[in-house]
Every structure is written in C-alpha cells, then in structure tokens.
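Data block for coords.cif (mmCIF, C-alpha atoms):
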```cif
data_target
#
loop_
_atom_site.group_PDB
_atom_site.id
_atom_site.type_symbol
_atom_site.label_atom_id
_atom_site.label_comp_id
_atom_site.auth_asym_id
_atom_site.auth_seq_id
_atom_site.Cartn_x
_atom_site.Cartn_y
_atom_site.Cartn_z
ATOM 1 C CA GLN F 1 -3.931 -38.601 88.306
ATOM 2 C CA SER F 2 -5.719 -39.121 91.682
ATOM 3 C CA PRO F 3 -6.061 -35.405 92.586
ATOM 4 C CA ARG F 4 -7.304 -34.644 89.040
ATOM 5 C CA ARG F 5 -9.909 -37.367 89.235
ATOM 6 C CA MET F 6 -11.083 -36.145 92.648
ATOM 7 C CA ALA F 7 -11.447 -32.600 91.289
ATOM 8 C CA CYS F 8 -13.596 -33.853 88.390
ATOM 9 C CA VAL F 9 -15.886 -35.769 90.756
ATOM 10 C CA GLY F 10 -16.188 -32.717 92.969
ATOM 11 C CA SER F 11 -17.281 -30.482 90.062
ATOM 12 C CA ARG F 12 -19.960 -32.946 89.044
ATOM 13 C CA ILE F 13 -21.341 -33.018 92.611
ATOM 14 C CA THR F 14 -21.457 -29.210 92.618
ATOM 15 C CA VAL F 15 -23.407 -29.080 89.341
ATOM 16 C CA LEU F 16 -25.877 -31.708 90.585
ATOM 17 C CA ALA F 17 -26.447 -29.836 93.838
ATOM 18 C CA SER F 18 -27.109 -26.561 92.011
ATOM 19 C CA ARG F 19 -29.712 -28.229 89.753
ATOM 20 C CA LEU F 20 -31.536 -29.691 92.754
ATOM 21 C CA ALA F 21 -31.555 -26.314 94.470
ATOM 22 C CA PHE F 22 -32.941 -24.594 91.360
ATOM 23 C CA ARG F 23 -35.797 -27.078 91.028
ATOM 24 C CA GLY F 24 -36.764 -26.573 94.644
ATOM 25 C CA ALA F 25 -36.750 -22.812 94.260
ATOM 26 C CA CYS F 26 -38.879 -22.885 91.108
ATOM 27 C CA SER F 27 -41.681 -24.645 93.005
ATOM 28 C CA SER F 28 -42.370 -21.340 94.788
ATOM 29 C CA PRO F 29 -45.106 -19.255 92.999
ATOM 30 C CA SER F 30 -43.602 -15.953 94.020
ATOM 31 C CA LEU F 31 -40.228 -16.837 92.549
ATOM 32 C CA THR F 32 -41.868 -17.989 89.300
ATOM 33 C CA ARG F 33 -43.573 -14.599 88.866
ATOM 34 C CA ALA F 34 -40.308 -12.829 89.561
ATOM 35 C CA LEU F 35 -38.435 -14.849 86.979
ATOM 36 C CA THR F 36 -41.183 -14.255 84.365
ATOM 37 C CA SER F 37 -41.176 -10.521 84.870
ATOM 38 C CA SER F 38 -37.374 -10.391 84.664
ATOM 39 C CA ILE F 39 -37.279 -12.367 81.413
ATOM 40 C CA ALA F 40 -39.891 -10.202 79.614
ATOM 41 C CA MET F 41 -38.275 -7.702 77.225
ATOM 42 C CA PRO F 42 -39.044 -4.075 78.002
ATOM 43 C CA PRO F 43 -40.502 -1.908 75.210
ATOM 44 C CA LYS F 44 -37.926 -0.113 73.087
ATOM 45 C CA ALA F 45 -38.017 3.653 73.135
ATOM 46 C CA SER F 46 -38.173 5.391 69.787
ATOM 47 C CA ALA F 47 -36.392 8.568 68.785
ATOM 48 C CA ALA F 48 -39.564 10.578 69.524
ATOM 49 C CA GLY F 49 -39.666 9.294 73.059
ATOM 50 C CA LYS F 50 -42.599 6.963 72.465
ATOM 51 C CA THR F 51 -42.363 3.318 73.243
ATOM 52 C CA THR F 52 -42.901 0.873 70.389
ATOM 53 C CA GLN F 53 -43.682 -2.802 70.694
ATOM 54 C CA GLN F 54 -41.157 -4.955 68.828
ATOM 55 C CA GLY F 55 -41.445 -8.261 66.975
ATOM 56 C CA LEU F 56 -44.704 -10.110 66.393
ATOM 57 C CA GLY F 57 -46.479 -8.101 69.081
ATOM 58 C CA ALA F 58 -46.219 -4.932 66.983
ATOM 59 C CA PHE F 59 -48.192 -6.534 64.155
ATOM 60 C CA LEU F 60 -50.790 -7.981 66.513
ATOM 61 C CA GLN F 61 -51.206 -4.678 68.363
ATOM 62 C CA LYS F 62 -51.802 -2.794 65.098
ATOM 63 C CA GLY F 63 -54.201 -5.449 63.839
ATOM 64 C CA VAL F 64 -52.031 -6.326 60.852
ATOM 65 C CA LYS F 65 -52.509 -9.834 59.416
ATOM 66 C CA MET F 66 -49.326 -11.663 58.589
ATOM 67 C CA VAL F 67 -50.812 -13.082 55.358
ATOM 68 C CA ASP F 68 -51.959 -9.749 53.909
ATOM 69 C CA HIS F 69 -48.898 -9.583 51.656
ATOM 70 C CA ILE F 70 -49.667 -12.997 50.144
ATOM 71 C CA LYS F 71 -51.968 -13.064 47.114
ATOM 72 C CA VAL F 72 -54.760 -15.544 47.751
ATOM 73 C CA ASP F 73 -57.277 -16.728 45.146
ATOM 74 C CA VAL F 74 -60.681 -16.087 46.625
ATOM 75 C CA PRO F 75 -63.735 -18.012 45.380
ATOM 76 C CA LYS F 76 -65.895 -15.724 43.315
ATOM 77 C CA ALA F 77 -69.614 -16.443 43.221
ATOM 78 C CA SER F 78 -71.624 -15.725 40.081
ATOM 79 C CA ALA F 79 -74.018 -12.886 40.825
ATOM 80 C CA GLU F 80 -75.829 -13.107 37.491
ATOM 81 C CA ASN F 81 -77.287 -16.602 37.584
ATOM 82 C CA GLY F 82 -76.881 -17.333 41.286
ATOM 83 C CA ASP F 83 -75.118 -20.583 40.526
ATOM 84 C CA LYS F 84 -73.811 -21.964 43.797
ATOM 85 C CA SER F 85 -71.316 -24.148 41.992
ATOM 86 C CA ALA F 86 -69.477 -20.985 40.967
ATOM 87 C CA ALA F 87 -68.411 -20.565 44.573
ATOM 88 C CA GLY F 88 -66.146 -23.539 44.130
ATOM 89 C CA THR F 89 -64.259 -21.999 41.211
ATOM 90 C CA ARG F 90 -61.033 -20.158 41.852
ATOM 91 C CA THR F 91 -60.164 -16.923 40.151
ATOM 92 C CA SER F 92 -56.708 -15.548 39.683
ATOM 93 C CA GLY F 93 -55.411 -12.067 39.208
ATOM 94 C CA ARG F 94 -53.397 -13.291 36.220
ATOM 95 C CA LYS F 95 -54.978 -12.357 32.899
ATOM 96 C CA ARG F 96 -55.768 -15.370 30.736
ATOM 97 C CA THR F 97 -55.139 -15.169 26.989
ATOM 98 C CA THR F 98 -57.496 -16.879 24.581
ATOM 99 C CA LYS F 99 -56.252 -18.741 21.499
ATOM 100 C CA ALA F 100 -57.689 -16.057 19.226
ATOM 101 C CA GLU F 101 -55.798 -13.356 21.109
ATOM 102 C CA ALA F 102 -52.586 -15.407 20.987
ATOM 103 C CA ASP F 103 -52.975 -15.955 17.225
ATOM 104 C CA ALA F 104 -53.627 -12.262 16.665
ATOM 105 C CA LYS F 105 -50.557 -11.357 18.693
ATOM 106 C CA ALA F 106 -48.403 -13.829 16.749
ATOM 107 C CA ALA F 107 -49.719 -12.488 13.431
ATOM 108 C CA ALA F 108 -48.968 -8.919 14.471
ATOM 109 C CA LYS F 109 -45.452 -9.934 15.485
ATOM 110 C CA ALA F 110 -44.892 -11.726 12.185
ATOM 111 C CA ALA F 111 -46.156 -8.703 10.256
ATOM 112 C CA LYS F 112 -43.468 -6.539 11.844
ATOM 113 C CA LYS F 113 -40.704 -8.824 10.589
ATOM 114 C CA PRO F 114 -39.326 -7.894 7.174
ATOM 115 C CA LYS F 115 -40.459 -10.403 4.580
ATOM 116 C CA LYS F 116 -37.920 -12.085 2.358
ATOM 117 C CA ALA F 117 -38.013 -10.844 -1.189
ATOM 118 C CA GLY F 118 -39.427 -13.412 -3.583
ATOM 119 C CA PRO F 119 -38.040 -14.252 -7.015
ATOM 120 C CA SER F 120 -37.549 -11.328 -9.373
ATOM 121 C CA ARG F 121 -36.996 -10.830 -13.077
ATOM 122 C CA ASP F 122 -33.558 -9.274 -12.728
ATOM 123 C CA ALA F 123 -31.709 -12.198 -14.328
ATOM 124 C CA GLU F 124 -34.149 -12.225 -17.250
ATOM 125 C CA ARG F 125 -33.882 -8.446 -17.713
ATOM 126 C CA ARG F 126 -30.107 -8.770 -17.846
ATOM 127 C CA CYS F 127 -30.459 -11.332 -20.618
ATOM 128 C CA TRP F 128 -33.043 -9.260 -22.464
ATOM 129 C CA SER F 129 -30.720 -6.254 -22.357
ATOM 130 C CA ALA F 130 -27.988 -8.427 -23.882
ATOM 131 C CA GLY F 131 -30.244 -9.243 -26.833
ATOM 132 C CA LYS F 132 -31.375 -12.690 -25.654
ATOM 133 C CA LYS F 133 -35.095 -12.326 -26.138
ATOM 134 C CA ILE F 134 -36.338 -15.792 -25.210
ATOM 135 C CA VAL F 135 -35.086 -16.775 -21.774
ATOM 136 C CA CYS F 136 -36.242 -19.946 -20.080
ATOM 137 C CA GLY F 137 -35.844 -21.191 -16.533
ATOM 138 C CA VAL F 138 -35.102 -24.840 -15.682
ATOM 139 C CA ASP F 139 -35.518 -26.753 -12.450
ATOM 140 C CA GLU F 140 -35.916 -30.363 -11.335
ATOM 141 C CA ALA F 141 -37.764 -32.317 -8.666
ATOM 142 C CA GLY F 142 -37.007 -35.765 -7.312
ATOM 143 C CA ARG F 143 -33.227 -36.122 -7.081
ATOM 144 C CA GLY F 144 -33.265 -37.143 -3.424
ATOM 145 C CA PRO F 145 -36.217 -39.562 -3.041
ATOM 146 C CA LEU F 146 -35.766 -43.309 -2.773
ATOM 147 C CA ALA F 147 -38.553 -44.079 -5.229
ATOM 148 C CA GLY F 148 -40.236 -42.706 -8.314
ATOM 149 C CA PRO F 149 -38.984 -40.583 -11.214
ATOM 150 C CA VAL F 150 -36.937 -37.429 -11.454
ATOM 151 C CA VAL F 151 -38.761 -34.637 -13.299
ATOM 152 C CA ALA F 152 -37.357 -31.511 -14.958
ATOM 153 C CA ALA F 153 -39.281 -28.582 -16.399
ATOM 154 C CA ALA F 154 -38.381 -25.648 -18.645
ATOM 155 C CA CYS F 155 -40.494 -22.498 -18.698
ATOM 156 C CA VAL F 156 -40.458 -19.270 -20.704
ATOM 157 C CA PHE F 157 -42.381 -16.725 -18.637
ATOM 158 C CA PRO F 158 -43.923 -13.824 -20.614
ATOM 159 C CA GLU F 159 -42.438 -10.442 -19.813
ATOM 160 C CA ASP F 160 -45.795 -8.801 -19.062
ATOM 161 C CA LEU F 161 -47.255 -11.714 -17.054
ATOM 162 C CA VAL F 162 -47.525 -11.335 -13.277
ATOM 163 C CA ILE F 163 -48.414 -14.143 -10.864
ATOM 164 C CA ASP F 164 -48.010 -12.813 -7.336
ATOM 165 C CA ALA F 165 -48.204 -16.248 -5.687
ATOM 166 C CA ILE F 166 -45.292 -17.696 -7.628
ATOM 167 C CA ASN F 167 -42.246 -18.568 -5.526
ATOM 168 C CA ASP F 168 -39.715 -21.285 -4.909
ATOM 169 C CA SER F 169 -41.923 -24.392 -4.891
ATOM 170 C CA LYS F 170 -40.368 -25.552 -1.609
ATOM 171 C CA GLN F 171 -41.597 -22.374 0.058
ATOM 172 C CA MET F 172 -45.174 -22.799 -1.156
ATOM 173 C CA THR F 173 -47.956 -24.906 0.278
ATOM 174 C CA GLU F 174 -49.393 -27.753 -1.745
ATOM 175 C CA GLU F 175 -52.552 -25.711 -2.402
ATOM 176 C CA GLU F 176 -50.514 -22.746 -3.621
ATOM 177 C CA ARG F 177 -48.447 -24.943 -5.934
ATOM 178 C CA GLU F 178 -51.549 -26.545 -7.414
ATOM 179 C CA GLU F 179 -53.145 -23.160 -8.038
ATOM 180 C CA VAL F 180 -50.056 -21.722 -9.745
ATOM 181 C CA TYR F 181 -49.577 -24.942 -11.734
ATOM 182 C CA GLU F 182 -53.103 -24.745 -13.137
ATOM 183 C CA GLU F 183 -52.630 -21.098 -14.001
ATOM 184 C CA LEU F 184 -49.373 -21.804 -15.834
ATOM 185 C CA MET F 185 -50.819 -24.749 -17.744
ATOM 186 C CA ALA F 186 -53.928 -22.784 -18.759
ATOM 187 C CA ASN F 187 -51.944 -19.828 -20.125
ATOM 188 C CA ASP F 188 -50.907 -20.404 -23.751
ATOM 189 C CA GLN F 189 -48.446 -17.518 -23.571
ATOM 190 C CA VAL F 190 -46.357 -19.504 -21.083
ATOM 191 C CA ILE F 191 -44.033 -21.754 -23.085
ATOM 192 C CA LYS F 192 -43.336 -24.874 -21.053
ATOM 193 C CA SER F 193 -41.960 -28.371 -21.355
ATOM 194 C CA VAL F 194 -41.672 -31.216 -18.850
ATOM 195 C CA CYS F 195 -39.443 -34.295 -19.018
ATOM 196 C CA VAL F 196 -39.791 -37.400 -16.805
ATOM 197 C CA ILE F 197 -36.972 -39.914 -16.268
ATOM 198 C CA ASP F 198 -38.266 -43.045 -14.539
ATOM 199 C CA HIS F 199 -36.643 -45.039 -11.728
ATOM 200 C CA GLU F 200 -35.324 -47.741 -14.069
ATOM 201 C CA ARG F 201 -33.380 -45.230 -16.142
ATOM 202 C CA ILE F 202 -32.071 -43.647 -12.927
ATOM 203 C CA ASP F 203 -30.664 -47.030 -11.885
ATOM 204 C CA GLU F 204 -29.044 -47.448 -15.311
ATOM 205 C CA ILE F 205 -27.205 -44.116 -15.580
ATOM 206 C CA ASN F 206 -27.244 -42.784 -11.945
ATOM 207 C CA ILE F 207 -29.323 -39.928 -10.573
ATOM 208 C CA LEU F 208 -26.975 -37.098 -11.593
ATOM 209 C CA GLU F 209 -26.856 -38.149 -15.229
ATOM 210 C CA ALA F 210 -30.611 -38.724 -15.205
ATOM 211 C CA THR F 211 -31.156 -35.197 -13.869
ATOM 212 C CA MET F 212 -28.898 -33.651 -16.508
ATOM 213 C CA GLN F 213 -30.690 -35.636 -19.203
ATOM 214 C CA ALA F 214 -34.109 -34.533 -17.947
ATOM 215 C CA MET F 215 -33.058 -30.872 -17.952
ATOM 216 C CA THR F 216 -31.650 -31.099 -21.460
ATOM 217 C CA LYS F 217 -34.732 -32.796 -22.859
ATOM 218 C CA SER F 218 -37.072 -30.310 -21.177
ATOM 219 C CA VAL F 219 -35.261 -27.412 -22.874
ATOM 220 C CA GLU F 220 -35.221 -29.221 -26.196
ATOM 221 C CA GLY F 221 -38.936 -29.911 -25.847
ATOM 222 C CA LEU F 222 -39.927 -26.224 -25.857
ATOM 223 C CA SER F 223 -42.046 -25.217 -28.846
ATOM 224 C CA THR F 224 -39.768 -22.182 -29.340
ATOM 225 C CA ARG F 225 -35.993 -22.418 -29.047
ATOM 226 C CA ALA F 226 -34.641 -20.536 -26.043
ATOM 227 C CA ASP F 227 -31.872 -18.014 -26.608
ATOM 228 C CA TRP F 228 -30.625 -18.399 -23.046
ATOM 229 C CA VAL F 229 -31.267 -20.899 -20.239
ATOM 230 C CA LEU F 230 -31.213 -20.140 -16.518
ATOM 231 C CA ILE F 231 -30.695 -23.347 -14.537
ATOM 232 C CA ASP F 232 -31.236 -23.808 -10.823
ATOM 233 C CA GLY F 233 -28.161 -25.200 -9.078
ATOM 234 C CA ASN F 234 -24.443 -25.241 -9.815
ATOM 235 C CA ARG F 235 -24.250 -27.596 -12.819
ATOM 236 C CA ILE F 236 -25.015 -27.104 -16.491
ATOM 237 C CA PRO F 237 -25.851 -30.117 -18.680
ATOM 238 C CA PRO F 238 -23.102 -30.487 -21.323
ATOM 239 C CA PRO F 239 -25.469 -30.070 -24.317
ATOM 240 C CA LEU F 240 -26.557 -26.659 -22.959
ATOM 241 C CA VAL F 241 -23.195 -25.302 -21.861
ATOM 242 C CA ASP F 242 -22.945 -22.792 -24.725
ATOM 243 C CA ARG F 243 -26.277 -21.102 -23.973
ATOM 244 C CA ALA F 244 -26.944 -21.507 -20.269
ATOM 245 C CA GLU F 245 -25.864 -20.352 -16.836
ATOM 246 C CA ALA F 246 -26.338 -21.942 -13.406
ATOM 247 C CA ILE F 247 -27.802 -19.926 -10.541
ATOM 248 C CA VAL F 248 -27.476 -21.331 -7.030
ATOM 249 C CA LYS F 249 -30.878 -21.180 -5.329
ATOM 250 C CA GLY F 250 -32.224 -19.835 -8.579
ATOM 251 C CA ASP F 251 -35.783 -20.930 -7.781
ATOM 252 C CA ALA F 252 -35.816 -18.290 -5.033
ATOM 253 C CA LYS F 253 -34.217 -15.608 -7.246
ATOM 254 C CA SER F 254 -35.666 -15.912 -10.748
ATOM 255 C CA VAL F 255 -39.347 -15.958 -11.696
ATOM 256 C CA CYS F 256 -38.894 -18.223 -14.729
ATOM 257 C CA ILE F 257 -36.915 -20.761 -12.647
ATOM 258 C CA ALA F 258 -39.543 -20.605 -9.896
ATOM 259 C CA ALA F 259 -42.249 -21.296 -12.495
ATOM 260 C CA ALA F 260 -40.274 -24.294 -13.743
ATOM 261 C CA SER F 261 -39.868 -25.569 -10.178
ATOM 262 C CA VAL F 262 -43.647 -25.493 -9.675
ATOM 263 C CA LEU F 263 -44.256 -27.374 -12.925
ATOM 264 C CA ALA F 264 -41.701 -30.060 -12.047
ATOM 265 C CA LYS F 265 -42.795 -30.425 -8.416
ATOM 266 C CA VAL F 266 -46.537 -30.718 -9.077
ATOM 267 C CA THR F 267 -45.998 -33.094 -12.006
ATOM 268 C CA ARG F 268 -43.934 -35.440 -9.849
ATOM 269 C CA ASP F 269 -46.227 -35.184 -6.815
ATOM 270 C CA ARG F 270 -49.198 -36.230 -8.915
ATOM 271 C CA MET F 271 -47.257 -39.205 -10.249
ATOM 272 C CA MET F 272 -46.378 -40.256 -6.700
ATOM 273 C CA LEU F 273 -50.039 -40.118 -5.713
ATOM 274 C CA LYS F 274 -50.799 -42.612 -8.478
ATOM 275 C CA ILE F 275 -47.990 -44.847 -7.217
ATOM 276 C CA HIS F 276 -49.494 -44.571 -3.735
ATOM 277 C CA ASP F 277 -52.825 -45.855 -5.043
ATOM 278 C CA GLU F 278 -50.979 -48.911 -6.314
ATOM 279 C CA PHE F 279 -48.796 -49.422 -3.232
ATOM 280 C CA PRO F 280 -50.506 -47.695 -0.271
ATOM 281 C CA ALA F 281 -48.420 -49.473 2.393
ATOM 282 C CA TYR F 282 -45.461 -47.134 1.798
ATOM 283 C CA GLY F 283 -47.275 -43.818 2.347
ATOM 284 C CA PHE F 284 -46.110 -42.180 -0.884
ATOM 285 C CA ASP F 285 -48.978 -39.705 -0.609
ATOM 286 C CA GLN F 286 -47.324 -38.219 2.478
ATOM 287 C CA HIS F 287 -43.576 -38.186 1.801
ATOM 288 C CA LYS F 288 -43.522 -38.516 -2.014
ATOM 289 C CA GLY F 289 -40.737 -41.093 -1.807
ATOM 290 C CA TYR F 290 -38.287 -39.241 0.429
ATOM 291 C CA GLY F 291 -36.426 -41.233 3.065
ATOM 292 C CA VAL F 292 -38.395 -40.242 6.159
ATOM 293 C CA LYS F 293 -38.652 -42.653 9.080
ATOM 294 C CA ALA F 294 -42.132 -43.918 8.153
ATOM 295 C CA HIS F 295 -40.917 -44.723 4.629
ATOM 296 C CA MET F 296 -37.793 -46.490 5.889
ATOM 297 C CA ASP F 297 -39.850 -48.533 8.332
ATOM 298 C CA ALA F 298 -42.214 -49.575 5.516
ATOM 299 C CA ILE F 299 -39.282 -50.649 3.323
ATOM 300 C CA HIS F 300 -37.818 -52.832 6.079
ATOM 301 C CA LYS F 301 -41.248 -54.284 6.832
ATOM 302 C CA HIS F 302 -42.552 -54.932 3.303
ATOM 303 C CA GLY F 303 -39.392 -54.818 1.214
ATOM 304 C CA PRO F 304 -38.998 -52.487 -1.791
ATOM 305 C CA CYS F 305 -41.789 -52.045 -4.320
ATOM 306 C CA PRO F 306 -41.183 -52.014 -8.102
ATOM 307 C CA TYR F 307 -40.875 -48.192 -8.093
ATOM 308 C CA HIS F 308 -37.998 -48.061 -5.600
ATOM 309 C CA ARG F 309 -34.571 -47.163 -6.949
ATOM 310 C CA LYS F 310 -32.382 -50.247 -6.609
ATOM 311 C CA THR F 311 -29.153 -48.219 -6.596
ATOM 312 C CA PHE F 312 -30.254 -46.243 -3.538
ATOM 313 C CA ALA F 313 -29.738 -47.420 0.046
ATOM 314 C CA PRO F 314 -31.210 -49.421 1.658
ATOM 315 C CA MET F 315 -32.674 -51.106 -1.458
ATOM 316 C CA LYS F 316 -29.289 -51.752 -3.029
ATOM 317 C CA TYR F 317 -28.368 -54.019 -0.102
ATOM 318 C CA MET F 318 -31.624 -55.971 -0.342
ATOM 319 C CA PRO F 319 -32.425 -58.870 -2.691
ATOM 320 C CA GLY F 320 -32.491 -57.468 -6.212
ATOM 321 C CA GLY F 321 -30.445 -54.414 -5.224
ATOM 322 C CA SER F 322 -27.318 -53.298 -7.063
ATOM 323 C CA ALA F 323 -25.018 -54.128 -4.107
ATOM 324 C CA TYR F 324 -26.806 -57.225 -2.787
ATOM 325 C CA ASP F 325 -24.273 -59.978 -2.079
ATOM 326 C CA GLY F 326 -26.727 -62.786 -1.356
ATOM 327 C CA ALA F 327 -26.013 -62.857 2.373
#
```

In structure tokens, write the structure found in this file.
Amino acid sequence: QSPRRMACVGSRITVLASRLAFRGACSSPSLTRALTSSIAMPPKASAAGKTTQQGLGAFLQKGVKMVDHIKVDVPKASAENGDKSAAGTRTSGRKRTTKAEADAKAAAKAAKKPKKAGPSRDAERRCWSAGKKIVCGVDEAGRGPLAGPVVAAACVFPEDLVIDAINDSKQMTEEEREEVYEELMANDQVIKSVCVIDHERIDEINILEATMQAMTKSVEGLSTRADWVLIDGNRIPPPLVDRAEAIVKGDAKSVCIAAASVLAKVTRDRMMLKIHDEFPAYGFDQHKGYGVKAHMDAIHKHGPCPYHRKTFAPMKYMPGGSAYDGA
C-alpha cells in the first residue's frame, strides 16, 4: 500500500506543477496570440476550390438575418384616416372568417348532404289498392311526461291534399307544428278526432292502458268510420285489432300518421301551457312535463302539483303517491 500511495501523491504534484506552469505562460501576450490563432478554425474549401465560411459566420457574412424564416406580425398603420392608434394593432397573415361567412359555409355543407325522405303516402296507397277507401292515421303524445294528460289523435288525410311542411312532429319546430295544426283544423276535408285522457285516469289504469284507450276513442270519434287504421308504434288497441296495423316509426313514414302526430302534440302542448299559467314554478311551458333536470329540481323543491301523475317516480314515493310508505 505504501508505494501505491506515494505514486498517487506524486501524480497529483505533477498535475499541480503543470497547471502553475501553464498559468505563467499564458501571461505572455505573444503566447496568447499564438494560442488564439491556432484555435481558430480555417475556412473549409468547397468542391469548386473556393473557400466558404462555416457556421454562424456564413450567415453574418451574407447579411442573412436569423429571424427571416419566422413570421412576425408587424403593426400596420391606417393610411386612410391617419389614426395613430392603428399602429398599436397587430395584423396576422391568417385569414379571419366572419360569422356570416361561417354560416354560409355551414349551409352549403348541409345542402350537399342527402336529406332524409319525409313521410309518404305509400302505406295509404297500399290500402286504397286493397279496396280500403277511408284510411286514418293514429298517433299519441304524452306517454313519457311526469305530469299532464296523454292525447291521441286520428286523422283521415284527403288523397289530393298536399302539405309540404308536414312531418313527424318531433322533427318539426314549434312554429312549424302550429302552422300545420292550424291548416289541418281549418280544412273541412281533413277528418280528424282528438281524445284526451287526464292524469287521474292515467293513475287509475296505468299509462299504457290510458294510451290504448285514447287511441281507440280517437278513431271512434271520427265523423266517418275508417276502413283501415294505421297506428304509430308496435301495439294495436284490442278494439281495433280487426281493422288496424301498427307501423314502427310510422309518424316518419306515413302522411296520415304524421298529421295525427301534429294534432296530438299541439293539443297537448297548449294544455300544458295552461297548466303552466296555474303552476309557473315547475316550468311546464319549457319541458311540457317531461322529466328534465329543471323539472325534477322543482318537484323536489316544491313537491308535486295536482297535475303530476302519482304513479310515476318520484311522485309515487312522496306523500300522496301510490308507493308512499309514510317514512
């Protein structure tokens, strides 16, 4: 161990001595110039025999600015009105799109998309060809809401009548429904009937039975007996089973069912607006009794009103509800 330790000490002394010698030599100006000239990189010769400066010096020699490749927003002064404040605004090379241009672009894009075909008269023509001359469509509104009635309508749509705006009532705006409703009600050639089953009857017999009853009564209420009945959905009321067929999503396929859907929907909506006037705290004018968050919050805050269905949650678990246990 002793010779190894002595060798280590000797190497450290050698390194220290060399550092001291280097510092002393560097204090000489002539040696400093020599070292500087030896460190400088010589120009690199090109293939053509010309020397080219490398690195940053090449850009500086050619007068190229390092930031020329970066896009910089330059203040643009207004030359028309000489407003000095315009010098403080920044302009960008990116083209800005106005709202009108964006709307026009969206409309053009929507126009290119193929539109879904609206309800047709194919189902009615099939019935007419089979000798069933008077064909009525039936639809309901209000099975799902927590309050108010369920309404069903039956409609016999004249063969030569055309109402371009008619569609599945769920696909129409409120204004469109109101317009078509008024047109249907004003036309004496349109045979129609509407039946309303209130919330109390719904609680007595359940919503499905109430819907079937409303559909049956709306058909029976027509001034002229229908030879065949086209019903929206997948169920046929028992009293109509011998002269009816169910069409799933029929309000989007058959014109007479679509007309019935408009009559039922607008009739119920208007009734819910009257209920809203009586009980404005629940917002019936907005949701028409459906279980949206605002409606649920109002029920928990104020409790159910007299028009709420007591067999529907959450009312059935509240005082007076069908499943209330007194807890």

Which residues, protein or nucleic acid, reach to within 12 Å of (-40.2, -41.2, 2.0) in the file's coordinates when using all atoms listed in the file, and can you give that as a short mmCIF file (atom, residue, chain, number, x, y, z; two decimals) with C-alpha atoms, in the coordinates of the input?
```cif
data_model
loop_
_atom_site.label_atom_id
_atom_site.label_comp_id
_atom_site.auth_asym_id
_atom_site.auth_seq_id
_atom_site.Cartn_x
_atom_site.Cartn_y
_atom_site.Cartn_z
CA GLY F 142 -37.01 -35.76 -7.31
CA GLY F 144 -33.26 -37.14 -3.42
CA PRO F 145 -36.22 -39.56 -3.04
CA LEU F 146 -35.77 -43.31 -2.77
CA ALA F 147 -38.55 -44.08 -5.23
CA GLY F 148 -40.24 -42.71 -8.31
CA MET F 272 -46.38 -40.26 -6.70
CA HIS F 276 -49.49 -44.57 -3.74
CA ALA F 281 -48.42 -49.47 2.39
CA TYR F 282 -45.46 -47.13 1.80
CA GLY F 283 -47.28 -43.82 2.35
CA PHE F 284 -46.11 -42.18 -0.88
CA ASP F 285 -48.98 -39.70 -0.61
CA GLN F 286 -47.32 -38.22 2.48
CA HIS F 287 -43.58 -38.19 1.80
CA LYS F 288 -43.52 -38.52 -2.01
CA GLY F 289 -40.74 -41.09 -1.81
CA TYR F 290 -38.29 -39.24 0.43
CA GLY F 291 -36.43 -41.23 3.06
CA VAL F 292 -38.40 -40.24 6.16
CA LYS F 293 -38.65 -42.65 9.08
CA ALA F 294 -42.13 -43.92 8.15
CA HIS F 295 -40.92 -44.72 4.63
CA MET F 296 -37.79 -46.49 5.89
CA ASP F 297 -39.85 -48.53 8.33
CA ALA F 298 -42.21 -49.58 5.52
CA ILE F 299 -39.28 -50.65 3.32
CA PRO F 304 -39.00 -52.49 -1.79
CA HIS F 308 -38.00 -48.06 -5.60
#
```

Inset, instruction - Write out as a PyMOL selection string each polymer residue whose atoms come within 6 Å of region 165-172 of chain F, counting all atoms listed in the file; drop sequence neighbours fewer than 2 positions from it. - result: chain F and resi 163+176+251-252+258+261-262

Legend entry - Selected residue of minimal separation from Pro239 (chain F) among F:Met215, F:Val135, F:Val255, F:Cys155, counting all atoms listed in the file: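 Closest to Pro239 (chain F) of all the choices is F:Met215.
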
Legend entry - For Asn187 (chain F), the nearest of the candidates F:Ala100, F:Val156, F:Ala226, F:Leu208, counting all atoms listed in the file: F:Val156

Written as a short mmCIF file (atom, residue, chain, number, x, y, z; two decimals) with C-alpha atoms, in the coordinates of the input, what is the full residue list that the PyMOL selection byres ((chain F and resi 218) around 9) yields on the file shown?
```cif
data_model
loop_
_atom_site.label_atom_id
_atom_site.label_comp_id
_atom_site.auth_asym_id
_atom_site.auth_seq_id
_atom_site.Cartn_x
_atom_site.Cartn_y
_atom_site.Cartn_z
CA VAL F 138 -35.10 -24.84 -15.68
CA ALA F 152 -37.36 -31.51 -14.96
CA ALA F 153 -39.28 -28.58 -16.40
CA ALA F 154 -38.38 -25.65 -18.64
CA CYS F 155 -40.49 -22.50 -18.70
CA LYS F 192 -43.34 -24.87 -21.05
CA SER F 193 -41.96 -28.37 -21.36
CA VAL F 194 -41.67 -31.22 -18.85
CA CYS F 195 -39.44 -34.30 -19.02
CA VAL F 196 -39.79 -37.40 -16.80
CA GLN F 213 -30.69 -35.64 -19.20
CA ALA F 214 -34.11 -34.53 -17.95
CA MET F 215 -33.06 -30.87 -17.95
CA THR F 216 -31.65 -31.10 -21.46
CA LYS F 217 -34.73 -32.80 -22.86
CA VAL F 219 -35.26 -27.41 -22.87
CA GLU F 220 -35.22 -29.22 -26.20
CA GLY F 221 -38.94 -29.91 -25.85
CA LEU F 222 -39.93 -26.22 -25.86
#
```

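What separates CA of Thr211 (chain F) from CA of Ile197 (chain F) is a distance of 7.9 Å.
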
Legend entry - For Pro314 (chain F): contacts at 9 Å, only C-alpha atoms, fewer than 2 positions along chain excluded, given as a PyMOL selection string: chain F and resi 146+296+299-300+310-312+316-318+321

Inset, instruction - Would you list the contacts of Asp188 (chain F) as a ChimeraX atom specification, taking every protein, DNA or RNA residue within 12 Å and counting only C-alpha atoms, but skipping same-chain residues closer than 6 positions in sequence? - result: /F:155-158,161,182,223

Inset, instruction - Report the distance between CA of Lys253 (chain F) and CA of Gly118 (chain F) in Å, rounded to one decimal place. - result: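 Rounded to one decimal, the two atoms are 6.7 Å apart.
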
Legend entry - For CA of Glu174 (chain F) and CA of Met271 (chain F), the interatomic separation in Å (one decimal): 14.4 Å

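When all atoms listed in the file are used to measure the gap to Lys132 (chain F), the shortest distance among F:Lys249, F:Arg12, F:Lys265, F:Arg243 belongs to F:Arg243.
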
Which residues are near Asp232 (chain F)? Cut-off 6 Å, all atoms listed in the file, ignore same chain within fewer than 4 positions. Put them as a PDB file with C-alpha atoms, in the frame of the given file.
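Final output, saved to selection-v3.pdb:
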```pdb
ATOM      1  CA  ASP F 139     -35.518 -26.753 -12.450  1.00  0.00           C
ATOM      2  CA  ALA F 246     -26.338 -21.942 -13.406  1.00  0.00           C
ATOM      3  CA  ILE F 247     -27.802 -19.926 -10.541  1.00  0.00           C
ATOM      4  CA  VAL F 248     -27.476 -21.331  -7.030  1.00  0.00           C
ATOM      5  CA  GLY F 250     -32.224 -19.835  -8.579  1.00  0.00           C
TER       6      GLY F 250
END
```

Legend entry - Using all atoms listed in the file: which of F:Ala108, F:Val150, F:Leu230, F:Met212 has the shortest distance to Arg121 (chain F): F:Leu230
